[in-house]
Amino acid sequence: MEPLLLNTFGWKKKIPEEIRIPTLIALSHYPELKGVKIEFRFAEKKSKSVMSARPSFRSVFGVLADRTYVIYVRRRFVIEGKLLRIEELPQNILVGWIGHELGHIMDYKDRSVLSLLGFGLGYLILGKYVRAAERRADEFAVRHGLRSEILETKNFILNNTHLPERYKNKIKRLYLSPEEIMEIVNTDEEEITKKLASV
């Protein structure tokens with residue numbers, strides 16, 4: 001199974017061995033990203049986020065088709081008083097987390113240089129802009145078939161008593177709630193039903 005996933009969805013991707021399988025599973029939900037250059041890197045410095053996605057700064061000013069994106073992954077963190085490595089998380093939760101970051105890349109991939117620079121500036125200084133961007137990434141993931149993984153990831157974060165309250169509050173404030181995720185799913189299902197009925 002893994003060689004098939006790697007050959008199909010691992011093209012132009014650099015993925016650390018420790019997170020290879022959940023990353024390939026998440027990528028399999030995004031056929032639009034097959035030819036897009038994406039590097040998954042363990043963050044060198046201690047990061048507030050478990051994962052973050054951004055375009056490689058050098059590639060922003062080049063040809064759109066050659067643009068590279070980097071997803072930084074925090075290598076270790078503490079849960080329930082234990083130091084855990086990222087690969088020790090349940091696979092579905094990792095797939096959901098990575099799927100959300102790939103949603104950001106979907107948001108970036110067709111933007112012009114000016115649009116990306118404006119996006120970056122807005123993300124740095126405007127709270128409303130951050131919230132809109134995070135919710136769009138969630139929506140991309142849900143619409144690409146990762147509803148259960150995104151819900152599982154959110155439940156893991158919000159119901160884990162040993163994750164910092166500040167981090168939980170950030171998730172509640174910026175990201176789609178489980179109810180909003182279900183609303184998207186139900187709306188999409190209604191649209192599909194209407195289209196099928198009109199054929």
# chains A, B, ... in the order shown; residues from 1 in each chain; ligands from 1

$ residues_around --residues "A:Leu116" --least-positions-apart "4" --cutoff "12 Å" --atoms "only C-alpha atoms" --output "PyMOL selection string"
chain A and resi 54-57+59-61+64+67+104-105+107-112+120-123

$ residues_around --residues "A:Arg147" --least-positions-apart "2" --cutoff "12 Å" --atoms "only C-alpha atoms" --output "NGL selection string"
:A and (26 or 29 or 92-93 or 95-97 or 99-100 or 138-145 or 149-154 or 176-186)

$ closest_residue --among "A:Arg85, A:Arg76, A:Lys128, A:His162" --to "A:Tyr175" --atoms "only C-alpha atoms"
A:Lys128

$ closest_residue --among "A:Arg173, A:Lys12, A:Arg135, A:Arg20" --to "A:Glu39" --atoms "only C-alpha atoms"
A:Lys12

$ closest_residue --among "A:Ile125, A:Met106, A:Ile19, A:Ile157" --to "A:Pro31" --atoms "only C-alpha atoms"
A:Met106

$ residues_around --residues "A:Phe40" --least-positions-apart "5" --cutoff "6 Å" --atoms "only C-alpha atoms" --output "MDAnalysis selection string"
chainID A and resid 14:15 70:71

$ write_last_selection --atoms "all heavy atoms" --output "tab-separated table (two decimals), in the first residue's frame"
chain	number	residue	atom	x	y	z
A	14	LYS	N	8.93	16.05	-0.20
A	14	LYS	CA	9.98	15.58	0.70
A	14	LYS	C	9.32	15.35	2.05
A	14	LYS	O	8.82	16.30	2.67
A	14	LYS	CB	11.09	16.62	0.82
A	14	LYS	CG	11.94	16.73	-0.44
A	14	LYS	CD	13.09	17.69	-0.22
A	14	LYS	CE	13.92	17.85	-1.49
A	14	LYS	NZ	14.97	18.87	-1.33
A	15	ILE	N	9.31	14.10	2.48
A	15	ILE	CA	8.57	13.72	3.70
A	15	ILE	C	9.49	12.93	4.63
A	15	ILE	O	10.05	11.92	4.22
A	15	ILE	CB	7.34	12.85	3.35
A	15	ILE	CG1	6.48	13.51	2.25
A	15	ILE	CG2	6.52	12.55	4.59
A	15	ILE	CD1	5.45	12.58	1.62
A	70	VAL	N	6.42	24.77	2.29
A	70	VAL	CA	7.03	24.05	3.40
A	70	VAL	C	6.01	23.90	4.52
A	70	VAL	O	5.34	24.88	4.89
A	70	VAL	CB	8.27	24.80	3.94
A	70	VAL	CG1	8.92	24.00	5.07
A	70	VAL	CG2	9.29	25.04	2.82
A	71	ILE	N	5.86	22.69	5.02
A	71	ILE	CA	5.04	22.45	6.21
A	71	ILE	C	6.00	22.09	7.34
A	71	ILE	O	6.72	21.09	7.27
A	71	ILE	CB	4.00	21.34	5.99
A	71	ILE	CG1	2.97	21.81	4.95
A	71	ILE	CG2	3.31	20.96	7.30
A	71	ILE	CD1	1.89	20.80	4.62

$ select_by_dssp --residues "stretch 5-177 of chain A" --states "helix (DSSP H, G or I)" --output "PyMOL selection string"
chain A and resi 5-9+17-27+31-33+57-60+64-66+86-88+91-108+113-125+127-143+147-159+165-174

$ atom_distance --atom1 "atom CA of A:Pro164" --atom2 "atom CA of A:Leu94"
18.9 Å

$ closest_residue --among "A:Leu158, A:Ala43, A:Leu24, A:Leu117" --to "A:Arg74" --atoms "only C-alpha atoms"
A:Ala43

$ atom_distance --atom1 "atom CA of A:Asn160" --atom2 "atom CA of A:Lys172"
13.5 Å

$ closest_residue --among "A:Leu174, A:Val113, A:Leu33, A:Val63" --to "A:Ala133" --atoms "only C-alpha atoms"
A:Leu174

$ select_by_dssp --residues "stretch 55-164 of chain A" --states "strand (DSSP E or B)" --output "count of residues only"
15

$ atom_distance --atom1 "atom CA of A:Gly118" --atom2 "atom CA of A:Glu101"
19.3 Å

$ closest_residue --among "A:Ile25, A:Thr187, A:Tyr30, A:Val130" --to "A:Gly103" --atoms "only C-alpha atoms"
A:Tyr30
